[in-house]
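Below is one structure; the comments refer to it alone.
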Amino acid sequence: MSHGARTDRPVPAELAACEVLAEDGSKVGLGRLWADRPVVLAFVRHFG
Amino acid sequence: MFCREHVVQLHHESGRIHAAGGELVVVGSGTPNFVAGFRETTHLDGPIYCDPGLASYRAAGLKRGVWRTINPLGIAYGVRALVRGNLQGRTQGDATQQGGVLVILPPSPGRIVYEHVSQVAGDNAAAAEVVSALEAATRPRAA
């Protein structure tokens, strides 16, 4: 298990502009998820 | 098994995440039809999104590759996860894609205050480390 790093840098525009799928299949702009609250954004390898 | 284990560990810290005004958001590389089963096994009740095209993984700078999945360290992490009771389910997404965690603060476009990029399968950030970074970044500063 490696350690992460505390940092303070802007979210890359290409990341904020990404669209992901909600459970109902609708598209959601990733950047909207942290528009009004902090998020712990966990990318998992897969759903297995 | 790694994915489940990591989400379960982060979910256990939900109280601290919410106390800091935050939310745990999970993005997986599978398709939406796999989300219900993942919820059932992890008991995660927060938001889960899907990115089968992996664009957000690339934009976040996350790693991908067969040898990052199949390697001695990954096998060791797998044994550890099994010992902890996390069984491997059917892979539902891209098995060669590695994960990671970002802690992001508003307002848009947002600031990344913590990041962990998994180097190999099972190389997950410690949940306590992630949440401590969130708490430190959201703690009111003395005047």
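Labels for the structure tokens follow display order: chains A, B, ..., residues from 1 in each chain, ligands from 1.
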Requested in this report: Compute the chain B side of the contact with chain A at 6 Å, counting only C-alpha atoms, and hand it back as number ranges by chain.
Outcome: B: 3, 22-30, 32, 38, 49-51, 56, 59, 89-93, 97-108, 110-116, 123-124
Query - strand (DSSP E or B) residues, from DSSP on the backbone, in chain A, as a list in words - result: Ala5, Arg6, Thr7, Asp8, Arg9, Pro10, Glu19, Val20, Leu21, Lys27, Val28, Gly29, Val39, Val40, Leu41, Ala42, Phe43 and His46 of chain A
**Report entry** Top pick for closest residue to B:Leu62, considering B:Thr96, B:Gln9, B:Ser132, B:Thr138 and counting only C-alpha atoms
**Finding:**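 Of the candidates, the smallest distance to B:Leu62 is held by B:Thr96.
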**Report entry** Picked from chain A by DSSP as helix (DSSP H, G or I), as a PyMOL selection string
**Finding:** chain A and resi 13-16+30-34
